[in-house]
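Reproduced below: upload_15.cif, with mmCIF, C-alpha atoms.
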data_target
loop_
_atom_site.group_PDB
_atom_site.id
_atom_site.type_symbol
_atom_site.label_atom_id
_atom_site.label_comp_id
_atom_site.auth_asym_id
_atom_site.auth_seq_id
_atom_site.Cartn_x
_atom_site.Cartn_y
_atom_site.Cartn_z
ATOM 1 C CA MET A 1 47.912 24.618 -11.566
ATOM 2 C CA ALA A 2 46.310 21.182 -11.058
ATOM 3 C CA GLU A 3 46.492 18.747 -13.974
ATOM 4 C CA GLY A 4 43.324 18.831 -16.060
ATOM 5 C CA CYS A 5 42.249 22.192 -14.622
ATOM 6 C CA SER A 6 39.057 23.527 -16.219
ATOM 7 C CA HIS A 7 39.762 27.087 -14.993
ATOM 8 C CA ASP A 8 36.398 26.975 -13.212
ATOM 9 C CA CYS A 9 37.402 27.440 -9.592
ATOM 10 C CA SER A 10 33.823 26.958 -8.399
ATOM 11 C CA SER A 11 34.006 23.279 -9.378
ATOM 12 C CA CYS A 12 37.218 22.581 -7.479
ATOM 13 C CA GLY A 13 37.992 22.468 -3.779
ATOM 14 C CA LYS A 14 41.760 22.679 -4.288
ATOM 15 C CA LYS A 15 43.888 25.777 -3.866
ATOM 16 C CA CYS A 16 46.360 25.730 -6.712
ATOM 17 C CA GLY A 17 49.322 28.063 -7.109
ATOM 18 C CA ASP A 18 47.636 30.167 -9.791
ATOM 19 C CA ARG A 19 44.667 30.923 -7.569
ATOM 20 C CA LYS A 20 45.408 34.253 -5.906
ATOM 21 C CA GLU A 21 42.132 34.913 -4.087
ATOM 22 C CA GLU A 22 38.673 33.507 -3.497
ATOM 23 C CA PHE A 23 36.218 34.500 -6.203
ATOM 24 C CA ASP A 24 32.943 36.078 -5.145
ATOM 25 C CA PHE A 25 30.133 34.280 -6.994
ATOM 26 C CA SER A 26 27.330 36.246 -5.323
ATOM 27 C CA ALA A 27 24.828 37.877 -7.666
ATOM 28 C CA LYS A 28 23.300 41.292 -6.993
ATOM 29 C CA LEU A 29 19.553 41.410 -6.584
ATOM 30 C CA ASN A 30 17.580 43.455 -9.087
ATOM 31 C CA PRO A 31 18.116 47.065 -7.908
ATOM 32 C CA ALA A 32 14.380 47.804 -7.828
ATOM 33 C CA SER A 33 13.746 44.844 -5.514
ATOM 34 C CA LYS A 34 14.107 43.988 -1.847
ATOM 35 C CA VAL A 35 13.927 40.424 -0.510
ATOM 36 C CA ALA A 36 14.142 39.775 3.221
ATOM 37 C CA ARG A 37 14.578 35.990 3.193
ATOM 38 C CA VAL A 38 15.487 33.253 0.701
ATOM 39 C CA ILE A 39 14.623 29.600 1.361
ATOM 40 C CA ALA A 40 15.727 26.829 -1.001
ATOM 41 C CA VAL A 41 13.707 23.625 -1.366
ATOM 42 C CA ALA A 42 15.951 20.724 -2.319
ATOM 43 C CA SER A 43 16.006 16.969 -2.802
ATOM 44 C CA GLY A 44 18.716 14.441 -3.557
ATOM 45 C CA LYS A 45 16.586 12.803 -6.260
ATOM 46 C CA GLY A 46 13.673 13.582 -8.511
ATOM 47 C CA GLY A 47 10.086 12.460 -8.175
ATOM 48 C CA VAL A 48 9.626 13.182 -4.465
ATOM 49 C CA GLY A 49 7.283 16.173 -4.836
ATOM 50 C CA LYS A 50 9.745 18.992 -4.250
ATOM 51 C CA SER A 51 7.848 21.435 -6.463
ATOM 52 C CA PHE A 52 4.623 20.622 -4.621
ATOM 53 C CA VAL A 53 6.284 21.354 -1.273
ATOM 54 C CA THR A 54 7.692 24.615 -2.667
ATOM 55 C CA THR A 55 4.239 25.596 -3.857
ATOM 56 C CA MET A 56 2.589 24.815 -0.535
ATOM 57 C CA LEU A 57 5.268 26.682 1.458
ATOM 58 C CA ALA A 58 4.562 29.746 -0.659
ATOM 59 C CA VAL A 59 0.805 29.345 -0.143
ATOM 60 C CA ALA A 60 1.295 28.957 3.622
ATOM 61 C CA ALA A 61 3.434 32.113 3.730
ATOM 62 C CA MET A 62 0.777 33.974 1.742
ATOM 63 C CA ARG A 63 -1.848 32.883 4.282
ATOM 64 C CA GLN A 64 0.345 34.343 7.014
ATOM 65 C CA GLY A 65 0.058 37.699 5.277
ATOM 66 C CA LYS A 66 3.584 37.685 3.873
ATOM 67 C CA LYS A 67 4.625 39.000 0.462
ATOM 68 C CA VAL A 68 5.902 35.933 -1.341
ATOM 69 C CA GLY A 69 7.768 34.921 -4.490
ATOM 70 C CA ILE A 70 8.826 31.643 -6.102
ATOM 71 C CA LEU A 71 11.974 31.388 -8.214
ATOM 72 C CA ASP A 72 11.642 28.209 -10.266
ATOM 73 C CA ALA A 73 15.249 27.062 -10.625
ATOM 74 C CA ASP A 74 14.254 23.658 -12.006
ATOM 75 C CA ILE A 75 14.889 24.886 -15.540
ATOM 76 C CA THR A 76 14.623 21.547 -17.358
ATOM 77 C CA GLY A 77 11.464 20.507 -15.506
ATOM 78 C CA PRO A 78 9.582 23.667 -14.539
ATOM 79 C CA SER A 79 6.171 22.886 -13.052
ATOM 80 C CA ILE A 80 5.409 25.731 -10.637
ATOM 81 C CA PRO A 81 3.325 27.896 -13.048
ATOM 82 C CA LYS A 82 0.847 25.079 -13.686
ATOM 83 C CA ALA A 83 0.103 24.755 -9.965
ATOM 84 C CA PHE A 84 -1.131 28.362 -9.935
ATOM 85 C CA GLY A 85 -2.809 28.308 -13.332
ATOM 86 C CA LEU A 86 -0.250 30.706 -14.804
ATOM 87 C CA ALA A 87 0.500 30.629 -18.529
ATOM 88 C CA GLY A 88 2.963 33.146 -19.919
ATOM 89 C CA GLY A 89 2.578 36.538 -18.312
ATOM 90 C CA ALA A 90 6.199 37.559 -17.708
ATOM 91 C CA PHE A 91 7.161 40.739 -19.579
ATOM 92 C CA LYS A 92 9.875 43.394 -19.671
ATOM 93 C CA SER A 93 9.452 46.727 -17.912
ATOM 94 C CA ASP A 94 11.788 49.592 -17.036
ATOM 95 C CA GLU A 95 12.608 47.827 -13.751
ATOM 96 C CA GLY A 96 13.366 44.439 -15.292
ATOM 97 C CA ILE A 97 11.479 41.238 -16.079
ATOM 98 C CA GLU A 98 8.076 41.313 -14.414
ATOM 99 C CA PRO A 99 7.047 37.967 -12.886
ATOM 100 C CA SER A 100 3.567 36.550 -13.163
ATOM 101 C CA VAL A 101 1.327 36.937 -10.128
ATOM 102 C CA SER A 102 -1.096 34.312 -8.807
ATOM 103 C CA ASN A 103 -4.634 35.083 -7.706
ATOM 104 C CA GLY A 104 -3.396 35.240 -4.121
ATOM 105 C CA GLY A 105 -0.536 37.604 -4.945
ATOM 106 C CA ILE A 106 2.390 35.136 -5.129
ATOM 107 C CA LYS A 107 5.000 36.294 -7.656
ATOM 108 C CA VAL A 108 6.391 33.529 -9.848
ATOM 109 C CA ILE A 109 9.184 33.381 -12.398
ATOM 110 C CA SER A 110 9.823 30.247 -14.422
ATOM 111 C CA LEU A 111 11.295 29.400 -17.796
ATOM 112 C CA ASN A 112 7.846 28.249 -18.924
ATOM 113 C CA MET A 113 6.768 31.891 -18.830
ATOM 114 C CA LEU A 114 9.508 32.979 -21.200
ATOM 115 C CA VAL A 115 9.414 30.359 -23.970
ATOM 116 C CA GLU A 116 7.074 30.093 -26.922
ATOM 117 C CA ASP A 117 6.074 26.481 -26.268
ATOM 118 C CA PRO A 118 6.412 25.217 -22.652
ATOM 119 C CA SER A 119 6.316 21.619 -23.888
ATOM 120 C CA ASP A 120 9.574 22.000 -25.827
ATOM 121 C CA PRO A 121 12.567 20.365 -24.107
ATOM 122 C CA VAL A 122 15.335 22.549 -22.688
ATOM 123 C CA VAL A 123 18.477 21.149 -24.299
ATOM 124 C CA TRP A 124 21.075 23.372 -22.654
ATOM 125 C CA ARG A 125 24.373 22.689 -20.973
ATOM 126 C CA GLY A 126 24.796 23.233 -17.242
ATOM 127 C CA PRO A 127 26.521 26.647 -17.344
ATOM 128 C CA VAL A 128 23.748 28.091 -19.540
ATOM 129 C CA ILE A 129 21.052 26.789 -17.184
ATOM 130 C CA ALA A 130 22.937 28.154 -14.182
ATOM 131 C CA GLY A 131 23.199 31.533 -15.913
ATOM 132 C CA VAL A 132 19.426 31.684 -16.381
ATOM 133 C CA VAL A 133 18.894 30.981 -12.683
ATOM 134 C CA LYS A 134 21.181 33.889 -11.787
ATOM 135 C CA GLN A 135 19.246 36.127 -14.179
ATOM 136 C CA PHE A 136 16.037 35.198 -12.364
ATOM 137 C CA TRP A 137 17.636 36.860 -9.333
ATOM 138 C CA THR A 138 19.391 39.788 -10.970
ATOM 139 C CA ASP A 139 16.998 40.719 -13.789
ATOM 140 C CA VAL A 140 13.537 40.010 -12.351
ATOM 141 C CA HIS A 141 11.709 42.887 -10.704
ATOM 142 C CA TRP A 142 10.561 41.166 -7.501
ATOM 143 C CA GLY A 143 9.540 44.346 -5.714
ATOM 144 C CA ASP A 144 9.447 44.215 -1.915
ATOM 145 C CA LEU A 145 9.097 40.622 -0.658
ATOM 146 C CA ASP A 146 9.246 38.978 2.749
ATOM 147 C CA VAL A 147 10.403 35.637 1.353
ATOM 148 C CA ILE A 148 11.357 33.933 -1.909
ATOM 149 C CA PHE A 149 11.236 30.152 -2.183
ATOM 150 C CA VAL A 150 13.654 28.623 -4.684
ATOM 151 C CA ASP A 151 12.459 25.387 -6.273
ATOM 152 C CA MET A 152 15.758 23.589 -6.868
ATOM 153 C CA PRO A 153 16.372 20.845 -9.432
ATOM 154 C CA PRO A 154 17.126 17.435 -7.918
ATOM 155 C CA GLY A 155 20.656 16.415 -7.068
ATOM 156 C CA THR A 156 23.815 18.352 -6.246
ATOM 157 C CA GLY A 157 24.979 19.632 -9.641
ATOM 158 C CA ASP A 158 25.524 22.966 -11.381
ATOM 159 C CA VAL A 159 22.246 24.668 -10.551
ATOM 160 C CA PRO A 160 22.105 23.870 -6.810
ATOM 161 C CA LEU A 161 25.730 24.990 -6.590
ATOM 162 C CA THR A 162 24.871 28.242 -8.397
ATOM 163 C CA VAL A 163 21.912 28.902 -6.090
ATOM 164 C CA PHE A 164 23.964 28.346 -2.937
ATOM 165 C CA GLN A 165 26.902 30.431 -4.169
ATOM 166 C CA SER A 166 25.045 33.244 -5.932
ATOM 167 C CA LEU A 167 21.866 33.803 -3.905
ATOM 168 C CA PRO A 168 21.743 34.792 -0.211
ATOM 169 C CA VAL A 169 20.059 31.552 0.879
ATOM 170 C CA ASP A 170 19.000 31.714 4.537
ATOM 171 C CA GLY A 171 18.094 28.051 4.871
ATOM 172 C CA VAL A 172 17.071 24.839 3.136
ATOM 173 C CA VAL A 173 14.031 22.578 3.311
ATOM 174 C CA VAL A 174 14.826 19.009 2.216
ATOM 175 C CA VAL A 175 12.115 16.849 0.642
ATOM 176 C CA SER A 176 12.254 13.057 0.752
ATOM 177 C CA SER A 177 10.058 9.966 0.486
ATOM 178 C CA PRO A 178 9.910 6.844 2.684
ATOM 179 C CA GLN A 179 11.821 4.429 0.412
ATOM 180 C CA GLU A 180 14.872 2.523 1.641
ATOM 181 C CA LEU A 181 17.377 4.708 -0.232
ATOM 182 C CA VAL A 182 16.098 7.845 1.481
ATOM 183 C CA GLU A 183 18.895 8.051 4.049
ATOM 184 C CA MET A 184 21.560 8.280 1.349
ATOM 185 C CA ILE A 185 19.449 10.779 -0.611
ATOM 186 C CA VAL A 186 18.808 13.026 2.375
ATOM 187 C CA SER A 187 22.450 12.749 3.398
ATOM 188 C CA LYS A 188 23.598 14.165 0.053
ATOM 189 C CA SER A 189 21.316 17.201 0.349
ATOM 190 C CA VAL A 190 22.207 17.844 3.984
ATOM 191 C CA LYS A 191 25.943 17.519 3.358
ATOM 192 C CA MET A 192 25.832 19.847 0.362
ATOM 193 C CA ALA A 193 23.971 22.436 2.414
ATOM 194 C CA GLY A 194 26.630 22.093 5.107
ATOM 195 C CA MET A 195 29.451 22.476 2.591
ATOM 196 C CA MET A 196 27.830 25.700 1.409
ATOM 197 C CA GLY A 197 27.348 26.961 4.970
ATOM 198 C CA LYS A 198 23.539 26.725 4.807
ATOM 199 C CA LYS A 199 21.304 25.494 7.624
ATOM 200 C CA VAL A 200 18.714 22.789 6.973
ATOM 201 C CA LEU A 201 15.515 24.174 8.466
ATOM 202 C CA GLY A 202 13.184 21.233 7.947
ATOM 203 C CA LEU A 203 12.648 17.795 6.446
ATOM 204 C CA VAL A 204 9.419 16.911 4.618
ATOM 205 C CA GLU A 205 8.585 13.263 3.974
ATOM 206 C CA ASN A 206 6.198 13.298 1.028
ATOM 207 C CA MET A 207 3.961 10.350 0.056
ATOM 208 C CA SER A 208 4.427 9.164 3.618
ATOM 209 C CA TYR A 209 1.034 7.491 4.016
ATOM 210 C CA LEU A 210 -2.517 7.408 2.748
ATOM 211 C CA LEU A 211 -5.775 7.347 4.649
ATOM 212 C CA CYS A 212 -8.167 4.475 4.026
ATOM 213 C CA PRO A 213 -11.342 6.063 2.608
ATOM 214 C CA ASP A 214 -13.506 3.575 4.527
ATOM 215 C CA CYS A 215 -11.998 3.412 8.017
ATOM 216 C CA GLY A 216 -9.547 6.334 8.107
ATOM 217 C CA LYS A 217 -6.601 4.097 9.028
ATOM 218 C CA LYS A 218 -3.124 5.273 7.992
ATOM 219 C CA ILE A 219 -1.561 2.974 5.395
ATOM 220 C CA GLU A 220 2.169 3.232 4.641
ATOM 221 C CA PRO A 221 2.567 1.833 1.084
ATOM 222 C CA PHE A 222 6.300 2.609 0.898
ATOM 223 C CA GLY A 223 7.149 1.319 4.356
ATOM 224 C CA ALA A 224 7.414 2.851 7.804
ATOM 225 C CA SER A 225 8.257 6.532 8.117
ATOM 226 C CA LYS A 226 11.919 7.433 8.524
ATOM 227 C CA VAL A 227 11.519 11.170 8.932
ATOM 228 C CA GLU A 228 11.975 11.417 12.710
ATOM 229 C CA ALA A 229 15.018 9.146 12.754
ATOM 230 C CA LEU A 230 16.652 11.044 9.904
ATOM 231 C CA ALA A 231 15.902 14.411 11.477
ATOM 232 C CA ALA A 232 17.518 13.261 14.713
ATOM 233 C CA LYS A 233 20.559 11.881 12.887
ATOM 234 C CA PHE A 234 21.195 15.057 10.906
ATOM 235 C CA GLY A 235 20.069 17.568 13.528
ATOM 236 C CA ILE A 236 17.113 18.886 11.518
ATOM 237 C CA PRO A 237 14.771 20.812 13.830
ATOM 238 C CA GLU A 238 11.411 20.515 12.021
ATOM 239 C CA THR A 239 9.706 17.605 10.259
ATOM 240 C CA LEU A 240 6.455 16.987 8.427
ATOM 241 C CA ARG A 241 4.787 13.924 6.897
ATOM 242 C CA LEU A 242 2.591 14.526 3.857
ATOM 243 C CA PRO A 243 -0.053 12.017 2.736
ATOM 244 C CA ILE A 244 -0.786 10.641 -0.706
ATOM 245 C CA ASN A 245 -3.987 12.391 -1.690
ATOM 246 C CA PRO A 246 -5.411 12.374 -5.235
ATOM 247 C CA ASP A 247 -7.198 15.647 -4.482
ATOM 248 C CA PHE A 248 -3.835 17.410 -4.142
ATOM 249 C CA ALA A 249 -2.776 16.258 -7.604
ATOM 250 C CA SER A 250 -6.045 17.270 -9.226
ATOM 251 C CA SER A 251 -5.910 20.715 -7.578
ATOM 252 C CA VAL A 252 -2.352 21.293 -8.801
ATOM 253 C CA ASP A 253 -3.223 20.058 -12.301
ATOM 254 C CA GLY A 254 -6.160 22.450 -12.300
ATOM 255 C CA GLY A 255 -4.084 25.445 -11.193
ATOM 256 C CA ALA A 256 -5.842 25.620 -7.827
ATOM 257 C CA ALA A 257 -2.913 25.082 -5.432
ATOM 258 C CA GLU A 258 -3.929 28.100 -3.354
ATOM 259 C CA PHE A 259 -7.096 26.271 -2.266
ATOM 260 C CA ILE A 260 -5.351 23.134 -0.962
ATOM 261 C CA GLU A 261 -5.619 22.545 2.783
ATOM 262 C CA ILE A 262 -3.119 20.146 4.386
ATOM 263 C CA PRO A 263 -3.451 19.490 8.139
ATOM 264 C CA GLY A 264 -0.313 20.576 9.967
ATOM 265 C CA PHE A 265 1.326 22.236 6.974
ATOM 266 C CA ASP A 266 0.729 25.858 7.953
ATOM 267 C CA GLY A 267 2.184 25.243 11.426
ATOM 268 C CA PHE A 268 5.283 23.605 9.935
ATOM 269 C CA ALA A 269 5.696 26.480 7.469
ATOM 270 C CA ALA A 270 5.382 29.087 10.225
ATOM 271 C CA LYS A 271 8.392 27.549 12.006
ATOM 272 C CA ILE A 272 10.404 27.424 8.755
ATOM 273 C CA ILE A 273 9.653 30.926 7.558
#
Spit out the file's structure as structure tokens when you get a sec.
Amino acid sequence: MAEGCSHDCSSCGKKCGDRKEEFDFSAKLNPASKVARVIAVASGKGGVGKSFVTTMLAVAAMRQGKKVGILDADITGPSIPKAFGLAGGAFKSDEGIEPSVSNGGIKVISLNMLVEDPSDPVVWRGPVIAGVVKQFWTDVHWGDLDVIFVDMPPGTGDVPLTVFQSLPVDGVVVVSSPQELVEMIVSKSVKMAGMMGKKVLGLVENMSYLLCPDCGKKIEPFGASKVEALAAKFGIPETLRLPINPDFASSVDGGAAEFIEIPGFDGFAAKII
């Protein structure tokens, strides 16, 4: 046994003498549910709009006529319910925990739906948070869905590891921004996906530009776009640049995400899904 062993084989890449066989970390889907495809939305850092991209992917899939769910795995910073105007709503039935459903039919589960006061901080250790994420898969009655999008927390810690090991993730969408550190940030997400045997399906550069309200010219406040160069470097097949648009923020804050129209987004989503 390695010195300082924590007895948590999932956190260690070594094969020590006491380790007889590989442990299966996969979690069984709620027995009353059927999910055809699982897509994780990830970022190497916070503040890049990952939850917004998750929301809009779900909306795009809904517009394609698909049955859609969102599993909000960002336990300490859940924001998905607000985008759809959902407050509370999750309840227990004979089949499991029933998720809330948006006006357009998107099923959503988030910690904010299960706590008394959504503004209270979640002061939990990593294993507890990871356990809740697994329960969102095993205990929630999703019904029959074409796709579930998993809104991951930023970084490469306990929860992303749990999602990749426990859920049957079919692919990953990475979200970035145009700042100078983006290559290192994207690299971390792409490499983790590779380590877990998951394919990166697309790269979204959020806050990529804004349109001048007077002349319509594209302005790049954070510098020139890096999305195409990064996609080529890491072999990512699909890319999308999203603008800074105050209307998007106000729609999300008002729970009206299903009414947002972003040029090019639905076509990008169709290739991902």
Which residues match the PyMOL selection byres ((chain A and resi 32-37) around 10) in the file above, as a PyMOL selection string?
chain A and resi 29-31+38-39+67-69+94-96+137-149+168-171+273
Residues near region 183-188 of chain A, anyone? I mean within 9 Å using all atoms listed in the file, not counting same-chain ones fewer than 5 positions away, as a VMD selection string.
chain A and resid 43 to 45 155 to 156 174 to 176 193 203 226 230 234
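Taking all atoms listed in the file into account, the protein, DNA and RNA residues within 10 Å of (7.4, 18.1, 14.6) read Gly202, Leu203, Val227, Glu228, Ala231, Pro237, Glu238, Thr239, Leu240, Arg241, Gly264, Gly267, Phe268 and Lys271 of chain A.
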Apply the PyMOL selection byres ((chain A and resi 123-125) around 12) to the file shown and report the selected residues as a ChimeraX atom specification.
/A:75-77,120-122,126-132,157-159
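Counting all atoms listed in the file, the residue from A:Val48, A:Ala83, A:Ile106, A:Ala27 that sits nearest to Ser177 (chain A) is A:Val48.
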Can you give me, as a ChimeraX atom specification, the residues this file yields under the PyMOL selection byres ((chain A and resi 105) around 10)?
/A:59,62,66-69,100-104,106-108
Could you save those same residues with C-alpha atoms as a PDB file, in the frame of the given file?
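Now in part.pdb:
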ATOM      1  CA  VAL A  59       0.805  29.345  -0.143  1.00  0.00           C
ATOM      2  CA  MET A  62       0.777  33.974   1.742  1.00  0.00           C
ATOM      3  CA  LYS A  66       3.584  37.685   3.873  1.00  0.00           C
ATOM      4  CA  LYS A  67       4.625  39.000   0.462  1.00  0.00           C
ATOM      5  CA  VAL A  68       5.902  35.933  -1.341  1.00  0.00           C
ATOM      6  CA  GLY A  69       7.768  34.921  -4.490  1.00  0.00           C
ATOM      7  CA  SER A 100       3.567  36.550 -13.163  1.00  0.00           C
ATOM      8  CA  VAL A 101       1.327  36.937 -10.128  1.00  0.00           C
ATOM      9  CA  SER A 102      -1.096  34.312  -8.807  1.00  0.00           C
ATOM     10  CA  ASN A 103      -4.634  35.083  -7.706  1.00  0.00           C
ATOM     11  CA  GLY A 104      -3.396  35.240  -4.121  1.00  0.00           C
ATOM     12  CA  ILE A 106       2.390  35.136  -5.129  1.00  0.00           C
ATOM     13  CA  LYS A 107       5.000  36.294  -7.656  1.00  0.00           C
ATOM     14  CA  VAL A 108       6.391  33.529  -9.848  1.00  0.00           C
TER      15      VAL A 108
END
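The spacing separating CA of Phe265 (chain A) from CA of Gly223 (chain A) amounts to 21.9 Å.
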Need the shell around Leu114 (chain A): protein/DNA/RNA residues with any atom at most 9 Å away, counting all atoms listed in the file. Skip same-chain ones fewer than 5 positions apart. Format as number ranges by chain?
A: 88-91, 109
Please indicate the distance in Å from CA of Ser251 (chain A) to CA of Val204 (chain A), rounded to one decimal place.
20.0 Å
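Among the candidates A:Pro153, A:Pro118, A:Pro263, A:Gly65, the one nearest to Ala87 (chain A) when counting only C-alpha atoms is A:Pro118.
Straight-line separation from CA of Gly216 (chain A) to CA of Val53 (chain A): 23.8 Å.
Nearest to Met192 (chain A) of all the residues A:Ser79, A:Ser208, A:Thr55, A:Gln165 is A:Gln165, counting all atoms listed in the file.
The nearest approach to Pro160 (chain A) among the residues A:Val173, A:Val133, A:Ile70, A:Asp24, with only C-alpha atoms taken into account, belongs to A:Val133.
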Pick out the closest residue to Ala256 (chain A) from this set: A:Leu181, A:Ala42, A:Leu86, A:Ala61. Count all atoms listed in the file.
A:Leu86
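The nearest approach to Glu258 (chain A) among the residues A:Val163, A:Leu57, A:Leu242, A:Ala232, with only C-alpha atoms taken into account, belongs to A:Leu57.
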Any chance you could model all heavy atoms for region 105-113 of chain A and send them as a tab-separated table (two decimals), in the frame of the given file?
chain	number	residue	atom	x	y	z
A	105	GLY	N	-1.60	36.61	-5.03
A	105	GLY	CA	-0.54	37.60	-4.94
A	105	GLY	C	0.87	37.05	-4.90
A	105	GLY	O	1.83	37.80	-4.67
A	106	ILE	N	1.05	35.74	-5.13
A	106	ILE	CA	2.39	35.14	-5.13
A	106	ILE	C	3.06	35.42	-6.47
A	106	ILE	O	2.51	35.12	-7.54
A	106	ILE	CB	2.30	33.62	-4.88
A	106	ILE	CG1	1.70	33.34	-3.50
A	106	ILE	CG2	3.68	32.97	-5.01
A	106	ILE	CD1	1.40	31.87	-3.25
A	107	LYS	N	4.26	35.99	-6.43
A	107	LYS	CA	5.00	36.29	-7.66
A	107	LYS	C	5.82	35.08	-8.07
A	107	LYS	O	6.51	34.47	-7.24
A	107	LYS	CB	5.91	37.50	-7.44
A	107	LYS	CG	5.14	38.79	-7.16
A	107	LYS	CD	6.06	39.99	-7.04
A	107	LYS	CE	5.26	41.28	-6.83
A	107	LYS	NZ	6.14	42.46	-6.74
A	108	VAL	N	5.75	34.74	-9.35
A	108	VAL	CA	6.39	33.53	-9.85
A	108	VAL	C	7.17	33.84	-11.11
A	108	VAL	O	6.67	34.51	-12.03
A	108	VAL	CB	5.34	32.43	-10.16
A	108	VAL	CG1	6.03	31.18	-10.73
A	108	VAL	CG2	4.52	32.09	-8.93
A	109	ILE	N	8.42	33.33	-11.16
A	109	ILE	CA	9.18	33.38	-12.40
A	109	ILE	C	9.65	31.97	-12.72
A	109	ILE	O	10.12	31.24	-11.85
A	109	ILE	CB	10.39	34.36	-12.33
A	109	ILE	CG1	10.96	34.60	-13.73
A	109	ILE	CG2	11.46	33.86	-11.38
A	109	ILE	CD1	10.04	35.34	-14.67
A	110	SER	N	9.47	31.59	-13.97
A	110	SER	CA	9.82	30.25	-14.42
A	110	SER	C	10.13	30.32	-15.90
A	110	SER	O	9.59	31.17	-16.62
A	110	SER	CB	8.66	29.28	-14.17
A	110	SER	OG	8.90	28.02	-14.74
A	111	LEU	N	10.96	29.41	-16.37
A	111	LEU	CA	11.30	29.40	-17.80
A	111	LEU	C	10.05	29.21	-18.66
A	111	LEU	O	9.97	29.73	-19.77
A	111	LEU	CB	12.32	28.31	-18.10
A	111	LEU	CG	12.88	28.33	-19.53
A	111	LEU	CD1	13.73	29.57	-19.73
A	111	LEU	CD2	13.67	27.08	-19.83
A	112	ASN	N	9.07	28.48	-18.16
A	112	ASN	CA	7.85	28.25	-18.92
A	112	ASN	C	7.13	29.54	-19.29
A	112	ASN	O	6.33	29.56	-20.23
A	112	ASN	CB	6.89	27.35	-18.13
A	112	ASN	CG	7.16	25.89	-18.38
A	112	ASN	OD1	8.09	25.53	-19.07
A	112	ASN	ND2	6.34	25.02	-17.81
A	113	MET	N	7.41	30.61	-18.56
A	113	MET	CA	6.77	31.89	-18.83
A	113	MET	C	7.50	32.70	-19.90
A	113	MET	O	7.02	33.74	-20.33
A	113	MET	CB	6.70	32.72	-17.55
A	113	MET	CG	5.88	32.07	-16.47
A	113	MET	SD	6.07	32.94	-14.92
A	113	MET	CE	4.85	32.06	-13.93
